[in-house]
file input.cif (mmCIF, C-alpha atoms)
data_upload
#
loop_
_atom_site.label_atom_id
_atom_site.label_comp_id
_atom_site.auth_asym_id
_atom_site.auth_seq_id
_atom_site.Cartn_x
_atom_site.Cartn_y
_atom_site.Cartn_z
CA MET A 1 33.01 -11.59 4.67
CA ALA A 2 35.94 -9.24 5.28
CA GLY A 3 34.92 -7.22 2.24
CA ALA A 4 31.26 -6.95 3.27
CA VAL A 5 31.83 -3.43 4.56
CA HIS A 6 32.40 -2.40 0.94
CA THR A 7 29.29 -3.98 -0.58
CA ASP A 8 26.47 -1.92 -2.03
CA ALA A 9 24.15 -3.08 0.74
CA TYR A 10 26.53 -2.03 3.51
CA ARG A 11 27.17 1.26 1.73
CA LEU A 12 23.41 1.82 1.74
CA LEU A 13 23.27 1.06 5.47
CA ARG A 14 25.96 3.68 6.11
CA GLN A 15 24.25 6.26 3.90
CA GLU A 16 20.88 5.64 5.54
CA LEU A 17 22.35 6.03 9.01
CA ALA A 18 24.01 9.30 8.04
CA GLY A 19 20.75 10.54 6.54
CA LEU A 20 18.79 9.60 9.65
CA ARG A 21 21.34 11.39 11.83
CA LEU A 22 21.06 14.53 9.73
CA ALA A 23 17.25 14.33 9.70
CA ALA A 24 17.39 14.20 13.50
CA GLY A 25 19.41 17.45 13.41
CA MET A 26 22.48 15.86 14.93
CA SER A 27 26.13 16.27 14.06
CA GLN A 28 28.44 13.28 14.24
CA ALA A 29 29.93 14.72 17.42
CA LYS A 30 26.51 15.21 19.05
CA LEU A 31 25.36 11.67 18.25
CA ALA A 32 28.63 10.26 19.58
CA GLU A 33 28.15 12.28 22.78
CA VAL A 34 24.59 10.97 23.23
CA LEU A 35 25.85 7.42 22.65
CA GLY A 36 28.64 7.90 25.20
CA LYS A 37 31.28 7.21 22.56
CA PRO A 38 34.34 9.14 21.35
CA ALA A 39 33.73 11.73 18.63
CA SER A 40 35.36 9.47 16.03
CA PHE A 41 32.88 6.61 16.59
CA VAL A 42 30.15 7.91 14.28
CA ALA A 43 32.58 9.13 11.62
CA LYS A 44 34.27 5.74 11.48
CA TYR A 45 31.10 3.72 10.93
CA GLU A 46 29.70 6.26 8.46
CA LEU A 47 32.95 6.05 6.45
CA GLY A 48 33.04 2.25 6.61
CA GLU A 49 36.19 2.17 8.74
CA ARG A 50 34.29 0.43 11.53
CA ARG A 51 31.48 -2.10 11.42
CA LEU A 52 28.47 -1.96 13.68
CA ASP A 53 27.05 -4.91 15.53
CA ALA A 54 23.30 -5.48 15.87
CA VAL A 55 23.03 -3.98 19.35
CA GLU A 56 24.95 -0.83 18.36
CA LEU A 57 22.72 -0.44 15.32
CA CYS A 58 19.57 -0.72 17.44
CA VAL A 59 20.81 1.89 19.92
CA ILE A 60 21.71 4.29 17.10
CA LEU A 61 18.29 3.83 15.49
CA LYS A 62 16.66 4.63 18.84
CA GLU A 63 18.75 7.77 19.34
CA VAL A 64 17.89 9.19 15.91
CA ARG A 65 14.24 8.13 16.42
CA ALA A 66 14.16 6.01 13.29
CA ASP A 67 11.45 3.51 12.45
CA PRO A 68 13.37 0.21 12.48
CA GLU A 69 10.82 -1.50 10.25
CA LEU A 70 11.28 1.08 7.49
CA PHE A 71 15.04 1.07 7.94
CA PHE A 72 15.34 -2.71 7.63
CA GLU A 73 12.79 -2.96 4.83
CA LYS A 74 14.97 -0.80 2.59
CA LEU A 75 18.12 -2.63 3.64
CA PHE A 76 16.48 -6.04 3.19
CA GLU A 77 15.56 -5.19 -0.41
CA ALA A 78 19.14 -4.13 -1.18
CA SER A 79 20.77 -7.16 0.43
CA PRO A 80 22.44 -9.69 -1.87
CA ASP A 81 21.29 -13.28 -2.11
CA LYS A 82 24.63 -14.60 -0.84
CA LEU A 83 27.39 -13.43 1.43
#

call {"tool": "encode", "arguments": {"input": "input.cif", "output": "structure tokens"}}
result
Amino acid sequence: MAGAVHTDAYRLLRQELAGLRLAAGMSQAKLAEVLGKPASFVAKYELGERRLDAVELCVILKEVRADPELFFEKLFEASPDKL
């Protein structure tokens, strides 16, 4: 699973999160500020240098006002059959 951060599905997750952030009109620094995290936090997960856990992902989706059902539907379709 160590390489999962480099899979197509995880790449899609990162791209979708970046797109949602931009659609919300937020810079990486602004989102990090709202989350109470250092400025590098958002950059690192968007670049794949840091993985997100489920709780972090939910908080981020709330802050960018994303529809979690739509977000996970797209990700679910792109997920591989096996880890």

call {"tool": "resolve_selection", "arguments": {"input": "input.cif", "expression": "the PyMOL selection byres ((chain A and resi 61) around 12)", "output": "list of chain:residue names"}}
result
A:Leu13, A:Glu16, A:Leu17, A:Ala18, A:Gly19, A:Leu20, A:Arg21, A:Ala24, A:Leu31, A:Leu35, A:Leu52, A:Ala54, A:Val55, A:Glu56, A:Leu57, A:Cys58, A:Val59, A:Ile60, A:Lys62, A:Glu63, A:Val64, A:Arg65, A:Ala66, A:Asp67, A:Pro68, A:Glu69, A:Leu70, A:Phe71, A:Phe72

call {"tool": "resolve_selection", "arguments": {"input": "input.cif", "expression": "the PyMOL selection byres ((chain A and resi 29) around 12)", "output": "list in words"}}
result
Arg21, Leu22, Gly25, Met26, Ser27, Gln28, Lys30, Leu31, Ala32, Glu33, Val34, Leu35, Gly36, Lys37, Pro38, Ala39, Ser40, Phe41, Val42, Ala43 and Lys44 of chain A

call {"tool": "atom_distance", "arguments": {"input": "input.cif", "atom1": "atom CA of A:Ala78", "atom2": "atom CA of A:Arg50"}}
result
20.3 Å

call {"tool": "atom_distance", "arguments": {"input": "input.cif", "atom1": "atom CA of A:Ala23", "atom2": "atom CA of A:Tyr10"}}
result
19.8 Å

call {"tool": "atom_distance", "arguments": {"input": "input.cif", "atom1": "atom CA of A:Leu75", "atom2": "atom CA of A:Asp8"}}
result
10.1 Å

call {"tool": "decode", "arguments": {"input": "input.cif", "residues": "stretch 5-43 of chain A", "atoms": "N, CA and C atoms", "output": "compact mmCIF listing (two decimals), in the first residue's frame"}}
result
# COMPACT_ATOMS: atom_id res chain seq x y z
N VAL A 5 -0.29 6.17 -2.92
CA VAL A 5 -0.34 7.61 -3.15
C VAL A 5 -0.04 7.95 -4.61
N HIS A 6 0.53 7.03 -5.33
CA HIS A 6 0.89 7.26 -6.73
C HIS A 6 -0.04 6.56 -7.72
N THR A 7 -1.14 6.00 -7.25
CA THR A 7 -2.07 5.34 -8.15
C THR A 7 -2.92 6.38 -8.89
N ASP A 8 -3.52 5.95 -9.96
CA ASP A 8 -4.40 6.85 -10.72
C ASP A 8 -5.56 7.34 -9.87
N ALA A 9 -6.11 6.46 -9.04
CA ALA A 9 -7.24 6.83 -8.20
C ALA A 9 -6.84 7.90 -7.17
N TYR A 10 -5.68 7.73 -6.56
CA TYR A 10 -5.25 8.73 -5.57
C TYR A 10 -4.87 10.03 -6.26
N ARG A 11 -4.32 9.93 -7.44
CA ARG A 11 -4.01 11.14 -8.23
C ARG A 11 -5.30 11.89 -8.53
N LEU A 12 -6.35 11.17 -8.87
CA LEU A 12 -7.65 11.79 -9.11
C LEU A 12 -8.16 12.48 -7.85
N LEU A 13 -8.03 11.82 -6.70
CA LEU A 13 -8.46 12.42 -5.44
C LEU A 13 -7.75 13.75 -5.24
N ARG A 14 -6.44 13.77 -5.45
CA ARG A 14 -5.66 15.01 -5.27
C ARG A 14 -6.10 16.08 -6.25
N GLN A 15 -6.31 15.71 -7.49
CA GLN A 15 -6.74 16.68 -8.51
C GLN A 15 -8.13 17.23 -8.19
N GLU A 16 -9.01 16.37 -7.76
CA GLU A 16 -10.37 16.80 -7.41
C GLU A 16 -10.34 17.76 -6.22
N LEU A 17 -9.54 17.46 -5.22
CA LEU A 17 -9.44 18.36 -4.07
C LEU A 17 -8.89 19.72 -4.47
N ALA A 18 -7.89 19.74 -5.33
CA ALA A 18 -7.33 21.01 -5.79
C ALA A 18 -8.39 21.78 -6.58
N GLY A 19 -9.14 21.09 -7.43
CA GLY A 19 -10.18 21.74 -8.21
C GLY A 19 -11.29 22.30 -7.33
N LEU A 20 -11.67 21.56 -6.30
CA LEU A 20 -12.69 22.04 -5.37
C LEU A 20 -12.21 23.27 -4.61
N ARG A 21 -10.94 23.26 -4.22
CA ARG A 21 -10.37 24.40 -3.52
C ARG A 21 -10.40 25.64 -4.41
N LEU A 22 -9.99 25.48 -5.65
CA LEU A 22 -9.99 26.59 -6.60
C LEU A 22 -11.41 27.08 -6.87
N ALA A 23 -12.35 26.15 -7.01
CA ALA A 23 -13.75 26.52 -7.26
C ALA A 23 -14.33 27.30 -6.08
N ALA A 24 -13.80 27.04 -4.88
CA ALA A 24 -14.24 27.76 -3.69
C ALA A 24 -13.54 29.11 -3.58
N GLY A 25 -12.63 29.41 -4.53
CA GLY A 25 -11.92 30.68 -4.52
C GLY A 25 -10.86 30.79 -3.44
N MET A 26 -10.29 29.66 -3.09
CA MET A 26 -9.30 29.65 -2.01
C MET A 26 -7.92 29.28 -2.52
N SER A 27 -6.92 29.98 -2.03
CA SER A 27 -5.54 29.59 -2.28
C SER A 27 -5.18 28.46 -1.32
N GLN A 28 -4.06 27.82 -1.58
CA GLN A 28 -3.59 26.79 -0.65
C GLN A 28 -3.37 27.38 0.73
N ALA A 29 -2.78 28.57 0.77
CA ALA A 29 -2.50 29.21 2.06
C ALA A 29 -3.78 29.55 2.81
N LYS A 30 -4.80 30.02 2.11
CA LYS A 30 -6.07 30.37 2.75
C LYS A 30 -6.76 29.13 3.31
N LEU A 31 -6.80 28.05 2.53
CA LEU A 31 -7.42 26.82 3.03
C LEU A 31 -6.67 26.31 4.25
N ALA A 32 -5.35 26.32 4.20
CA ALA A 32 -4.55 25.87 5.35
C ALA A 32 -4.87 26.72 6.58
N GLU A 33 -5.01 28.01 6.39
CA GLU A 33 -5.34 28.92 7.50
C GLU A 33 -6.69 28.54 8.10
N VAL A 34 -7.69 28.34 7.25
CA VAL A 34 -9.03 27.98 7.71
C VAL A 34 -9.01 26.64 8.46
N LEU A 35 -8.16 25.73 8.00
CA LEU A 35 -8.06 24.42 8.63
C LEU A 35 -7.23 24.46 9.92
N GLY A 36 -6.54 25.58 10.16
CA GLY A 36 -5.68 25.68 11.33
C GLY A 36 -4.39 24.89 11.18
N LYS A 37 -3.93 24.78 9.94
CA LYS A 37 -2.73 24.00 9.63
C LYS A 37 -1.65 24.93 9.06
N PRO A 38 -0.39 24.47 9.04
CA PRO A 38 0.66 25.27 8.41
C PRO A 38 0.40 25.42 6.91
N ALA A 39 0.97 26.44 6.32
CA ALA A 39 0.75 26.73 4.90
C ALA A 39 1.13 25.56 4.00
N SER A 40 2.09 24.75 4.42
CA SER A 40 2.54 23.63 3.59
C SER A 40 1.57 22.44 3.59
N PHE A 41 0.64 22.40 4.51
CA PHE A 41 -0.26 21.25 4.64
C PHE A 41 -1.00 20.94 3.35
N VAL A 42 -1.65 21.94 2.78
CA VAL A 42 -2.45 21.73 1.56
C VAL A 42 -1.54 21.39 0.39
N ALA A 43 -0.45 22.11 0.25
CA ALA A 43 0.49 21.83 -0.86
C ALA A 43 0.98 20.39 -0.81
